[in-house]
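See below for query01.txt, which holds compact mmCIF, C-alpha atoms (C1' of nucleotides).
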```
# COMPACT_ATOMS: atom_id res chain seq x y z
CA MET A 92 10.84 2.39 -16.01
CA LEU A 93 7.23 1.59 -16.68
CA PRO A 94 5.65 3.60 -19.46
CA VAL A 95 3.03 6.04 -18.31
CA PHE A 96 0.99 6.62 -21.41
CA PRO A 97 -0.87 3.52 -22.48
CA ALA A 98 -3.50 3.57 -19.80
CA ALA A 99 -6.44 1.45 -20.59
CA ASP A 100 -8.57 -1.10 -18.93
CA GLY A 101 -6.22 -3.98 -19.52
CA CYS A 102 -3.07 -2.13 -20.40
CA CYS A 103 -0.93 -3.16 -17.49
CA THR A 104 -0.67 -6.45 -15.77
CA PRO A 105 -2.16 -6.01 -12.33
CA MET A 106 0.58 -6.37 -9.74
CA ALA A 107 -1.47 -9.11 -8.10
CA ARG A 108 -0.98 -11.29 -11.15
CA GLU A 109 2.76 -11.80 -11.09
CA PRO A 110 5.54 -10.71 -8.75
CA LEU A 111 6.83 -7.21 -9.37
CA GLY A 112 10.50 -6.93 -10.32
CA GLU A 113 12.78 -4.80 -8.20
CA ALA A 114 13.05 -2.01 -10.76
CA ASP A 115 9.34 -1.84 -11.41
CA ALA A 116 8.62 -1.89 -7.70
CA ALA A 117 11.02 0.99 -7.12
CA ALA A 118 9.46 3.05 -9.88
CA LEU A 119 5.93 2.29 -8.71
CA ALA A 120 6.86 3.14 -5.13
CA ARG A 121 8.12 6.54 -6.28
CA THR A 122 4.76 7.21 -7.88
CA PHE A 123 2.79 6.11 -4.83
CA LYS A 124 5.01 8.29 -2.65
CA ALA A 125 3.72 11.23 -4.64
CA LEU A 126 0.19 10.19 -3.69
CA ALA A 127 1.05 9.51 -0.07
CA ASP A 128 0.37 12.99 1.25
CA PRO A 129 -2.97 14.53 2.21
CA VAL A 130 -2.19 17.90 0.66
CA ARG A 131 -1.13 16.36 -2.64
CA LEU A 132 -4.22 14.16 -2.75
CA ARG A 133 -6.44 17.16 -2.18
CA LEU A 134 -4.50 19.14 -4.77
CA LEU A 135 -5.01 16.39 -7.31
CA SER A 136 -8.73 16.08 -6.72
CA LEU A 137 -9.11 19.84 -6.54
CA ILE A 138 -7.36 20.33 -9.87
CA ALA A 139 -9.35 17.56 -11.50
CA SER A 140 -12.59 18.98 -10.15
CA PHE A 141 -11.98 22.43 -11.60
CA GLU A 142 -13.99 23.28 -14.64
CA GLY A 143 -11.97 22.45 -17.69
CA GLY A 144 -9.84 20.18 -15.55
CA GLN A 145 -7.33 22.95 -15.04
CA ALA A 146 -6.46 25.27 -12.20
CA CYS A 147 -3.88 27.98 -11.72
CA VAL A 148 -1.75 27.98 -8.61
CA CYS A 149 -3.61 31.03 -7.38
CA ASP A 150 -6.74 28.87 -7.18
CA LEU A 151 -4.91 26.23 -5.19
CA THR A 152 -3.26 28.16 -2.39
CA GLY A 153 -6.48 29.38 -0.79
CA PRO A 154 -8.08 26.08 0.30
CA PHE A 155 -5.01 24.98 2.25
CA ASP A 156 -3.47 25.91 5.55
CA VAL A 157 0.05 25.66 4.23
CA SER A 158 2.21 28.35 2.69
CA GLN A 159 2.51 29.11 -1.00
CA PRO A 160 6.05 27.67 -1.25
CA THR A 161 4.75 24.45 0.21
CA ILE A 162 1.97 24.23 -2.37
CA SER A 163 4.52 24.91 -5.07
CA HIS A 164 6.67 22.11 -3.68
CA HIS A 165 3.78 19.65 -3.70
CA LEU A 166 2.86 20.56 -7.26
CA LYS A 167 6.44 19.92 -8.27
CA VAL A 168 6.33 16.46 -6.69
CA LEU A 169 3.12 15.65 -8.52
CA ARG A 170 4.54 16.94 -11.79
CA GLU A 171 7.78 14.97 -11.46
CA ALA A 172 5.72 11.86 -10.79
CA GLY A 173 3.92 12.46 -14.07
CA LEU A 174 0.57 12.78 -12.35
CA VAL A 175 -0.05 16.36 -13.42
CA GLY A 176 1.07 18.59 -16.25
CA SER A 177 1.63 22.32 -16.12
CA GLU A 178 1.93 25.29 -18.43
CA ARG A 179 2.62 28.96 -17.93
CA ARG A 180 -0.08 31.16 -19.44
CA GLY A 181 0.80 34.80 -19.05
CA THR A 182 1.27 35.56 -15.41
CA TRP A 183 -0.31 32.36 -14.18
CA VAL A 184 0.74 28.74 -14.24
CA TYR A 185 -1.96 26.18 -14.86
CA TYR A 186 -2.01 22.57 -13.73
CA TRP A 187 -4.05 19.59 -14.90
CA VAL A 188 -4.10 15.92 -14.00
CA VAL A 189 -2.79 13.33 -16.45
CA PRO A 190 -5.62 10.77 -16.72
CA ALA A 191 -3.38 8.17 -18.33
CA ALA A 192 -1.08 8.12 -15.32
CA MET A 193 -3.92 7.85 -12.83
CA ASN A 194 -5.68 5.12 -14.78
CA ARG A 195 -2.50 3.15 -15.18
CA LEU A 196 -2.07 3.10 -11.41
CA ALA A 197 -5.68 2.10 -11.00
CA SER A 198 -5.31 -0.85 -13.33
CA LEU A 199 -2.12 -1.94 -11.57
CA LEU A 200 -3.89 -2.04 -8.22
CA GLN A 201 -6.87 -3.93 -9.52
CA VAL A 202 -7.11 -7.41 -8.06
CA PRO A 203 -8.95 -9.74 -10.38
CA GLY A 204 -11.15 -12.49 -9.11
CA GLN A 205 -13.30 -11.06 -6.38
CA VAL A 206 -14.32 -7.58 -5.49
CA SER A 207 -16.33 -7.59 -2.32
CA ALA A 208 -16.08 -10.87 -0.44
CA PRO A 209 -14.34 -11.30 2.91
CA PRO A 210 -10.86 -12.84 2.77
CA GLY A 211 -10.04 -16.41 3.54
CA SER A 212 -13.52 -17.60 2.79
CA GLY A 213 -13.18 -21.17 1.75
CA THR A 214 -10.82 -20.99 -1.16
CA MET B 195 -11.54 6.38 8.43
CA LEU B 196 -12.99 5.31 5.12
CA PRO B 197 -14.55 1.88 5.12
CA VAL B 198 -12.50 -0.69 3.31
CA PHE B 199 -15.00 -3.36 2.43
CA PRO B 200 -17.47 -2.18 -0.14
CA ALA B 201 -15.06 -2.24 -3.02
CA ALA B 202 -16.59 -2.79 -6.37
CA ASP B 203 -16.14 -1.46 -9.81
CA GLY B 204 -18.00 1.75 -9.19
CA CYS B 205 -18.30 1.76 -5.45
CA CYS B 206 -16.42 4.91 -4.61
CA THR B 207 -16.53 8.30 -6.17
CA PRO B 208 -13.28 8.80 -8.02
CA MET B 209 -11.27 11.52 -6.32
CA ALA B 210 -11.10 13.34 -9.63
CA ARG B 211 -14.82 13.92 -9.50
CA GLU B 212 -15.09 16.14 -6.45
CA PRO B 213 -12.56 17.66 -4.06
CA LEU B 214 -11.45 15.35 -1.28
CA GLY B 215 -12.22 16.48 2.25
CA GLU B 216 -9.38 16.88 4.72
CA ALA B 217 -10.28 13.78 6.72
CA ASP B 218 -10.71 11.58 3.66
CA ALA B 219 -7.46 12.87 2.21
CA ALA B 220 -5.62 12.09 5.43
CA ALA B 221 -7.01 8.56 5.55
CA LEU B 222 -6.27 7.95 1.88
CA ALA B 223 -2.74 9.28 2.27
CA ARG B 224 -2.14 6.81 5.08
CA THR B 225 -3.15 3.99 2.77
CA PHE B 226 -0.97 5.20 -0.09
CA LYS B 227 1.94 5.55 2.32
CA ALA B 228 1.63 1.82 2.88
CA LEU B 229 2.02 1.32 -0.86
CA ALA B 230 4.86 3.81 -1.19
CA ASP B 231 7.68 1.39 -0.57
CA PRO B 232 9.33 -1.00 -3.04
CA VAL B 233 9.59 -3.85 -0.57
CA ARG B 234 5.94 -3.56 0.42
CA LEU B 235 4.84 -3.44 -3.21
CA ARG B 236 6.83 -6.57 -3.99
CA LEU B 237 5.49 -8.25 -0.87
CA LEU B 238 1.97 -7.45 -1.94
CA SER B 239 2.37 -8.76 -5.46
CA LEU B 240 4.33 -11.75 -4.23
CA ILE B 241 1.62 -12.72 -1.77
CA ALA B 242 -1.10 -12.25 -4.35
CA SER B 243 0.83 -14.31 -6.88
CA PHE B 244 1.21 -17.29 -4.55
CA GLU B 245 -1.00 -20.22 -5.27
CA GLY B 246 -4.10 -19.91 -3.19
CA GLY B 247 -3.37 -16.22 -2.77
CA GLN B 248 -1.66 -16.92 0.51
CA ALA B 249 1.94 -17.04 1.65
CA CYS B 250 3.59 -17.66 4.97
CA VAL B 251 6.29 -15.30 6.16
CA CYS B 252 8.87 -17.99 5.58
CA ASP B 253 8.06 -17.77 1.86
CA LEU B 254 8.51 -14.01 1.90
CA THR B 255 11.86 -13.49 3.56
CA GLY B 256 13.89 -15.29 0.93
CA PRO B 257 13.31 -13.08 -2.13
CA PHE B 258 14.44 -9.91 -0.34
CA ASP B 259 17.74 -8.45 0.70
CA VAL B 260 16.41 -7.13 3.96
CA SER B 261 16.31 -8.82 7.35
CA GLN B 262 13.43 -10.84 8.74
CA PRO B 263 12.44 -8.16 11.28
CA THR B 264 12.21 -5.68 8.43
CA ILE B 265 9.90 -7.97 6.46
CA SER B 266 7.81 -8.42 9.57
CA HIS B 267 7.63 -4.65 9.96
CA HIS B 268 6.50 -4.15 6.36
CA LEU B 269 3.84 -6.83 6.72
CA LYS B 270 2.57 -5.05 9.79
CA VAL B 271 2.30 -1.79 7.86
CA LEU B 272 0.36 -3.51 5.10
CA ARG B 273 -1.92 -5.20 7.61
CA GLU B 274 -2.63 -2.00 9.53
CA ALA B 275 -3.50 -0.34 6.24
CA GLY B 276 -6.05 -3.07 5.64
CA LEU B 277 -4.32 -4.19 2.46
CA VAL B 278 -3.52 -7.68 3.69
CA GLY B 279 -4.96 -10.05 6.26
CA SER B 280 -3.06 -12.58 8.33
CA GLU B 281 -3.66 -15.67 10.36
CA ARG B 282 -1.48 -17.95 12.43
CA ARG B 283 -1.69 -21.58 11.35
CA GLY B 284 0.39 -23.78 13.58
CA THR B 285 3.95 -22.56 13.55
CA TRP B 286 3.51 -20.35 10.54
CA VAL B 287 1.70 -17.10 9.90
CA TYR B 288 -0.03 -16.72 6.56
CA TYR B 289 -0.79 -13.49 4.73
CA TRP B 290 -3.21 -12.71 1.90
CA VAL B 291 -4.17 -9.54 0.09
CA VAL B 292 -7.58 -8.00 0.65
CA PRO B 293 -8.98 -7.52 -2.86
CA ALA B 294 -11.69 -5.16 -1.65
CA ALA B 295 -9.12 -2.71 -0.33
CA MET B 296 -7.05 -2.81 -3.50
CA ASN B 297 -10.01 -2.41 -5.78
CA ARG B 298 -11.38 0.44 -3.73
CA LEU B 299 -8.10 2.30 -4.20
CA ALA B 300 -8.17 1.51 -7.89
CA SER B 301 -11.63 2.95 -8.31
CA LEU B 302 -10.66 6.07 -6.38
CA LEU B 303 -7.74 6.72 -8.69
CA GLN B 304 -9.74 6.18 -11.84
CA VAL B 305 -10.11 9.34 -13.86
CA PRO B 306 -13.23 9.22 -16.01
CA GLY B 307 -13.17 10.59 -19.51
CA GLN B 308 -10.09 9.00 -20.99
CA VAL B 309 -9.75 5.31 -20.42
CA SER B 310 -9.89 2.68 -23.06
CA ALA B 311 -13.27 3.62 -24.40
CA PRO B 312 -15.50 0.68 -23.56
CA PRO B 313 -18.23 -0.01 -26.11
CA GLY B 314 -20.58 2.89 -26.49
CA SER B 315 -18.61 5.54 -24.69
CA GLY B 316 -20.45 8.72 -25.37
CA THR B 317 -17.89 10.96 -23.68
C1' DA C 4 12.55 51.82 -15.55
C1' DC C 5 9.97 50.69 -11.68
C1' DC C 6 6.54 48.47 -9.03
C1' DT C 7 3.11 44.85 -8.23
C1' DT C 8 1.48 40.32 -8.43
C1' DG C 9 2.13 35.37 -9.27
C1' DT C 10 5.16 31.43 -8.85
C1' DA C 11 9.49 28.82 -7.94
C1' DT C 12 13.83 27.90 -5.48
C1' DC C 13 16.80 27.83 -1.36
C1' DG C 14 18.39 26.67 3.25
C1' DA C 15 17.06 25.15 7.61
C1' DC C 16 14.68 22.52 10.97
C1' DG C 17 11.76 18.91 13.26
C1' DG C 18 9.38 14.79 12.75
C1' DA C 19 8.44 10.53 10.25
C1' DT C 20 10.31 6.23 8.20
C1' DG C 21 13.30 2.11 6.79
C1' DT C 22 16.76 -0.50 8.45
C1' DC C 23 19.40 -3.26 11.63
C1' DG C 24 20.80 -6.47 15.71
C1' DA C 25 19.20 -8.15 19.88
C1' DT C 26 15.67 -10.23 22.00
C1' DA C 27 10.99 -11.78 23.24
C1' DC C 28 7.10 -14.66 22.10
C1' DA C 29 4.69 -18.94 19.86
C1' DA C 30 4.46 -23.65 18.65
C1' DG C 31 6.00 -28.13 18.10
C1' DG C 32 9.48 -32.14 18.70
C1' DG C 33 13.07 -34.68 21.34
C1' DC D 153 11.50 -29.81 29.93
C1' DC D 154 14.64 -27.92 26.82
C1' DC D 155 15.78 -27.03 22.23
C1' DT D 156 14.78 -25.63 17.55
C1' DT D 157 12.35 -23.07 14.21
C1' DG D 158 9.21 -19.34 12.87
C1' DT D 159 7.61 -14.70 13.76
C1' DA D 160 7.07 -10.26 16.23
C1' DT D 161 8.70 -6.45 19.10
C1' DC D 162 12.19 -3.20 20.81
C1' DG D 163 15.65 0.42 20.72
C1' DA D 164 18.85 2.84 18.00
C1' DC D 165 20.42 5.02 14.06
C1' DA D 166 20.67 7.38 9.48
C1' DT D 167 18.03 9.20 6.03
C1' DC D 168 14.03 11.12 3.97
C1' DC D 169 10.18 14.42 3.87
C1' DG D 170 6.94 18.33 4.86
C1' DT D 171 7.10 22.71 6.37
C1' DC D 172 8.55 27.43 6.88
C1' DG D 173 10.55 32.30 5.85
C1' DA D 174 13.45 34.60 2.80
C1' DT D 175 14.37 35.43 -1.64
C1' DA D 176 14.81 34.89 -6.66
C1' DC D 177 12.51 34.73 -11.07
C1' DA D 178 8.54 35.86 -14.53
C1' DA D 179 5.22 38.80 -16.58
C1' DG D 180 2.52 42.67 -17.06
C1' DG D 181 1.01 47.45 -15.94
C1' DT D 182 2.14 52.48 -15.04
```
Please render this file's structure as structure tokens.
Amino acid sequence: MLPVFPAADGCCTPMAREPLGEADAAALARTFKALADPVRLRLLSLIASFEGGQACVCDLTGPFDVSQPTISHHLKVLREAGLVGSERRGTWVYYWVVPAAMNRLASLLQVPGQVSAPPGSGT
Amino acid sequence: MLPVFPAADGCCTPMAREPLGEADAAALARTFKALADPVRLRLLSLIASFEGGQACVCDLTGPFDVSQPTISHHLKVLREAGLVGSERRGTWVYYWVVPAAMNRLASLLQVPGQVSAPPGSGT
DNA sequence: ACCTTGTATCGACGGATGTCGATACAAGGG
DNA sequence: CCCTTGTATCGACATCCGTCGATACAAGGT
């Protein structure tokens, strides 16, 4: 399984550089599955946007049209994917995003070479 | 639907910066769904790794344990997500990744504040 | 102790998704 | 033309996934 921590600009070989192995692809797919839901994406950006980068579940149930158990489920998915961390503080449970995990994904997606030119041009 | 073209290093506001709207989240989730499969991830990196950045379907069916219709299906998903482009050239159909789309996703995922500290990061 | 509030787990259900074989469509060669 | 090769579509099936209500667990106040 790919390590999650060492996120940096050039930490991970972009997947466009050499073919992904089966195991890596499976692990990566699991992570992207966690991102492949509108509620979870909004949860992530909502948590990250909170002051201090943290939010308790009570802050997160309001903005959504889904039930509290569903929010709890989505938070669990994000946590198990390593995208967020959580901690109980008294009565409340707080969540925060794990920047290293997000940045690692970002660097994996990066396609070197060109950024904003139409495909198939010359080459 | 979010535009796919204008990908650049700092083109799009990272989703960690302000809460994603419902529509944007839905569109983004659709894109990540396309990435949330091991076969599609390997296809993507395999295509990108080919010389010239292009591969015909006949190059892509071999490395996988799934049937040709399944590969064709996955390529369709990637194409409809805007992650790859395709073109028929004689008997064969060629695919290439769309760097702008990949880099846009990468910049959206980026969480500012804790990367690899480029020179002069004031935090 | 009890009750209240916050959060997580459980079981169930409907819809989405990955896979296949069969088959249709596209292009070129005999 | 027909046949061969390359690719896409179709229909069917099993599994996965998001959602819910009910309920269990956690912590603090009275």
If we count all atoms listed in the file, which residues of chain C reach to within 9 Å of chain B? Please list them as an mmCIF file with C-alpha atoms (C1' of nucleotides), in the coordinates of the input.
```cif
data_model
loop_
_atom_site.group_PDB
_atom_site.id
_atom_site.type_symbol
_atom_site.label_atom_id
_atom_site.label_comp_id
_atom_site.auth_asym_id
_atom_site.auth_seq_id
_atom_site.Cartn_x
_atom_site.Cartn_y
_atom_site.Cartn_z
ATOM 1 C "C1'" DG C 21 13.300 2.110 6.790
ATOM 2 C "C1'" DT C 22 16.760 -0.500 8.450
ATOM 3 C "C1'" DC C 23 19.400 -3.260 11.630
ATOM 4 C "C1'" DA C 29 4.690 -18.940 19.860
ATOM 5 C "C1'" DA C 30 4.460 -23.650 18.650
ATOM 6 C "C1'" DG C 31 6.000 -28.130 18.100
#
```
Please return the superposed copy of chain B as a PDB file with C-alpha atoms, in the frame of the given file; the fit should be least squares onto chain A across all sequentially paired Cα atoms.
```pdb
ATOM      1  CA  MET B 195      10.714   3.693 -16.065  1.00  0.00           C
ATOM      2  CA  LEU B 196       7.296   2.130 -16.349  1.00  0.00           C
ATOM      3  CA  PRO B 197       5.093   3.636 -19.009  1.00  0.00           C
ATOM      4  CA  VAL B 198       2.322   5.755 -17.627  1.00  0.00           C
ATOM      5  CA  PHE B 199      -0.221   5.810 -20.399  1.00  0.00           C
ATOM      6  CA  PRO B 200      -1.808   2.446 -20.916  1.00  0.00           C
ATOM      7  CA  ALA B 201      -3.897   2.542 -17.796  1.00  0.00           C
ATOM      8  CA  ALA B 202      -7.044   0.556 -17.920  1.00  0.00           C
ATOM      9  CA  ASP B 203      -8.944  -1.665 -15.626  1.00  0.00           C
ATOM     10  CA  GLY B 204      -6.719  -4.658 -16.115  1.00  0.00           C
ATOM     11  CA  CYS B 205      -3.765  -3.148 -17.868  1.00  0.00           C
ATOM     12  CA  CYS B 206      -1.029  -3.901 -15.397  1.00  0.00           C
ATOM     13  CA  THR B 207      -0.258  -7.019 -13.494  1.00  0.00           C
ATOM     14  CA  PRO B 208      -1.109  -6.376  -9.875  1.00  0.00           C
ATOM     15  CA  MET B 209       2.068  -6.371  -7.817  1.00  0.00           C
ATOM     16  CA  ALA B 210       0.536  -9.030  -5.609  1.00  0.00           C
ATOM     17  CA  ARG B 211       0.616 -11.462  -8.485  1.00  0.00           C
ATOM     18  CA  GLU B 212       4.343 -11.781  -9.046  1.00  0.00           C
ATOM     19  CA  PRO B 213       7.404 -10.339  -7.322  1.00  0.00           C
ATOM     20  CA  LEU B 214       8.348  -6.860  -8.462  1.00  0.00           C
ATOM     21  CA  GLY B 215      11.756  -6.486 -10.067  1.00  0.00           C
ATOM     22  CA  GLU B 216      14.244  -4.057  -8.570  1.00  0.00           C
ATOM     23  CA  ALA B 217      13.896  -1.508 -11.364  1.00  0.00           C
ATOM     24  CA  ASP B 218      10.104  -1.601 -11.365  1.00  0.00           C
ATOM     25  CA  ALA B 219      10.042  -1.326  -7.590  1.00  0.00           C
ATOM     26  CA  ALA B 220      12.323   1.699  -7.693  1.00  0.00           C
ATOM     27  CA  ALA B 221      10.173   3.424 -10.302  1.00  0.00           C
ATOM     28  CA  LEU B 222       6.961   2.609  -8.457  1.00  0.00           C
ATOM     29  CA  ALA B 223       8.416   3.842  -5.179  1.00  0.00           C
ATOM     30  CA  ARG B 224       9.238   7.160  -6.814  1.00  0.00           C
ATOM     31  CA  THR B 225       5.615   7.510  -7.844  1.00  0.00           C
ATOM     32  CA  PHE B 226       4.277   6.605  -4.411  1.00  0.00           C
ATOM     33  CA  LYS B 227       6.694   9.081  -2.853  1.00  0.00           C
ATOM     34  CA  ALA B 228       4.882  11.749  -4.834  1.00  0.00           C
ATOM     35  CA  LEU B 229       1.645  10.630  -3.203  1.00  0.00           C
ATOM     36  CA  ALA B 230       3.151  10.346   0.265  1.00  0.00           C
ATOM     37  CA  ASP B 231       2.480  13.888   1.359  1.00  0.00           C
ATOM     38  CA  PRO B 232      -0.749  15.360   2.752  1.00  0.00           C
ATOM     39  CA  VAL B 233      -0.458  18.598   0.822  1.00  0.00           C
ATOM     40  CA  ARG B 234       0.140  16.794  -2.461  1.00  0.00           C
ATOM     41  CA  LEU B 235      -2.787  14.458  -1.850  1.00  0.00           C
ATOM     42  CA  ARG B 236      -5.079  17.396  -1.157  1.00  0.00           C
ATOM     43  CA  LEU B 237      -3.731  19.216  -4.194  1.00  0.00           C
ATOM     44  CA  LEU B 238      -4.455  16.204  -6.333  1.00  0.00           C
ATOM     45  CA  SER B 239      -8.000  15.751  -5.109  1.00  0.00           C
ATOM     46  CA  LEU B 240      -8.611  19.481  -5.197  1.00  0.00           C
ATOM     47  CA  ILE B 241      -7.501  19.742  -8.808  1.00  0.00           C
ATOM     48  CA  ALA B 242      -9.544  16.727  -9.811  1.00  0.00           C
ATOM     49  CA  SER B 243     -12.597  18.100  -8.031  1.00  0.00           C
ATOM     50  CA  PHE B 244     -12.483  21.432  -9.858  1.00  0.00           C
ATOM     51  CA  GLU B 245     -15.025  21.902 -12.561  1.00  0.00           C
ATOM     52  CA  GLY B 246     -13.492  20.884 -15.824  1.00  0.00           C
ATOM     53  CA  GLY B 247     -10.882  18.921 -13.911  1.00  0.00           C
ATOM     54  CA  GLN B 248      -8.519  21.845 -14.112  1.00  0.00           C
ATOM     55  CA  ALA B 249      -7.326  24.462 -11.663  1.00  0.00           C
ATOM     56  CA  CYS B 250      -4.889  27.315 -11.898  1.00  0.00           C
ATOM     57  CA  VAL B 251      -2.264  27.728  -9.211  1.00  0.00           C
ATOM     58  CA  CYS B 252      -4.076  30.782  -7.938  1.00  0.00           C
ATOM     59  CA  ASP B 253      -6.986  28.498  -7.012  1.00  0.00           C
ATOM     60  CA  LEU B 254      -4.665  26.158  -5.147  1.00  0.00           C
ATOM     61  CA  THR B 255      -2.700  28.425  -2.856  1.00  0.00           C
ATOM     62  CA  GLY B 256      -5.667  29.629  -0.849  1.00  0.00           C
ATOM     63  CA  PRO B 257      -6.841  26.391   0.799  1.00  0.00           C
ATOM     64  CA  PHE B 258      -3.411  25.631   2.278  1.00  0.00           C
ATOM     65  CA  ASP B 259      -1.383  26.938   5.157  1.00  0.00           C
ATOM     66  CA  VAL B 260       1.868  26.744   3.277  1.00  0.00           C
ATOM     67  CA  SER B 261       3.547  29.388   1.146  1.00  0.00           C
ATOM     68  CA  GLN B 262       3.162  29.801  -2.594  1.00  0.00           C
ATOM     69  CA  PRO B 263       6.685  28.529  -3.357  1.00  0.00           C
ATOM     70  CA  THR B 264       5.874  25.394  -1.397  1.00  0.00           C
ATOM     71  CA  ILE B 265       2.709  24.800  -3.420  1.00  0.00           C
ATOM     72  CA  SER B 266       4.709  25.341  -6.575  1.00  0.00           C
ATOM     73  CA  HIS B 267       7.252  22.798  -5.365  1.00  0.00           C
ATOM     74  CA  HIS B 268       4.572  20.195  -4.638  1.00  0.00           C
ATOM     75  CA  LEU B 269       2.995  20.725  -8.046  1.00  0.00           C
ATOM     76  CA  LYS B 270       6.375  20.160  -9.615  1.00  0.00           C
ATOM     77  CA  VAL B 271       6.758  16.875  -7.746  1.00  0.00           C
ATOM     78  CA  LEU B 272       3.341  15.737  -8.916  1.00  0.00           C
ATOM     79  CA  ARG B 273       4.104  16.762 -12.483  1.00  0.00           C
ATOM     80  CA  GLU B 274       7.472  15.007 -12.556  1.00  0.00           C
ATOM     81  CA  ALA B 275       5.758  11.884 -11.275  1.00  0.00           C
ATOM     82  CA  GLY B 276       3.397  12.077 -14.225  1.00  0.00           C
ATOM     83  CA  LEU B 277       0.369  12.393 -11.969  1.00  0.00           C
ATOM     84  CA  VAL B 278      -0.656  15.819 -13.211  1.00  0.00           C
ATOM     85  CA  GLY B 279      -0.169  17.814 -16.385  1.00  0.00           C
ATOM     86  CA  SER B 280       0.158  21.570 -16.678  1.00  0.00           C
ATOM     87  CA  GLU B 281      -0.131  24.293 -19.233  1.00  0.00           C
ATOM     88  CA  ARG B 282       0.373  28.032 -19.194  1.00  0.00           C
ATOM     89  CA  ARG B 283      -2.675  29.948 -20.390  1.00  0.00           C
ATOM     90  CA  GLY B 284      -2.007  33.648 -20.466  1.00  0.00           C
ATOM     91  CA  THR B 285      -0.948  34.785 -17.038  1.00  0.00           C
ATOM     92  CA  TRP B 286      -2.069  31.647 -15.295  1.00  0.00           C
ATOM     93  CA  VAL B 287      -0.818  28.087 -15.217  1.00  0.00           C
ATOM     94  CA  TYR B 288      -3.422  25.347 -15.137  1.00  0.00           C
ATOM     95  CA  TYR B 289      -3.026  21.854 -13.724  1.00  0.00           C
ATOM     96  CA  TRP B 290      -5.053  18.679 -14.255  1.00  0.00           C
ATOM     97  CA  VAL B 291      -4.697  15.123 -13.038  1.00  0.00           C
ATOM     98  CA  VAL B 292      -3.671  12.393 -15.448  1.00  0.00           C
ATOM     99  CA  PRO B 293      -6.318   9.692 -14.987  1.00  0.00           C
ATOM    100  CA  ALA B 294      -4.215   7.078 -16.754  1.00  0.00           C
ATOM    101  CA  ALA B 295      -1.446   7.414 -14.191  1.00  0.00           C
ATOM    102  CA  MET B 296      -3.823   7.217 -11.249  1.00  0.00           C
ATOM    103  CA  ASN B 297      -5.694   4.251 -12.599  1.00  0.00           C
ATOM    104  CA  ARG B 298      -2.496   2.427 -13.408  1.00  0.00           C
ATOM    105  CA  LEU B 299      -1.434   2.765  -9.775  1.00  0.00           C
ATOM    106  CA  ALA B 300      -4.850   1.611  -8.659  1.00  0.00           C
ATOM    107  CA  SER B 301      -4.669  -1.520 -10.754  1.00  0.00           C
ATOM    108  CA  LEU B 302      -1.173  -2.272  -9.482  1.00  0.00           C
ATOM    109  CA  LEU B 303      -2.334  -2.125  -5.888  1.00  0.00           C
ATOM    110  CA  GLN B 304      -5.363  -4.292  -6.476  1.00  0.00           C
ATOM    111  CA  VAL B 305      -5.121  -7.604  -4.694  1.00  0.00           C
ATOM    112  CA  PRO B 306      -7.214 -10.240  -6.437  1.00  0.00           C
ATOM    113  CA  GLY B 307      -9.176 -12.735  -4.423  1.00  0.00           C
ATOM    114  CA  GLN B 308     -10.998 -10.569  -1.933  1.00  0.00           C
ATOM    115  CA  VAL B 309     -12.713  -7.560  -3.367  1.00  0.00           C
ATOM    116  CA  SER B 310     -16.399  -7.002  -3.473  1.00  0.00           C
ATOM    117  CA  ALA B 311     -17.240 -10.155  -5.331  1.00  0.00           C
ATOM    118  CA  PRO B 312     -18.548  -8.987  -8.685  1.00  0.00           C
ATOM    119  CA  PRO B 313     -21.262 -11.189 -10.175  1.00  0.00           C
ATOM    120  CA  GLY B 314     -20.066 -14.693 -10.787  1.00  0.00           C
ATOM    121  CA  SER B 315     -16.856 -14.616  -8.830  1.00  0.00           C
ATOM    122  CA  GLY B 316     -15.681 -18.163  -8.789  1.00  0.00           C
ATOM    123  CA  THR B 317     -12.744 -17.520  -6.468  1.00  0.00           C
TER     124      THR B 317
END
```
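The nearest approach to chain B among the residues A:Pro105, A:Gly173, A:Lys124, A:Ala114, with all atoms listed in the file taken into account, belongs to A:Lys124.
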Counting only C-alpha atoms, the residue of B:Ala221, B:Glu245, B:Leu269, B:Pro232 that sits nearest chain A: B:Pro232
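A straight line drawn from atom C1' of D:DC154 to atom C1' of C:DG33 is 8.8 Å long.
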Got a sec: who's within 7 Å of A:Met106, counting all atoms listed in the file, leaving out chain neighbours fewer than 6 positions off, as number ranges by chain? A: 199-200; B: 239
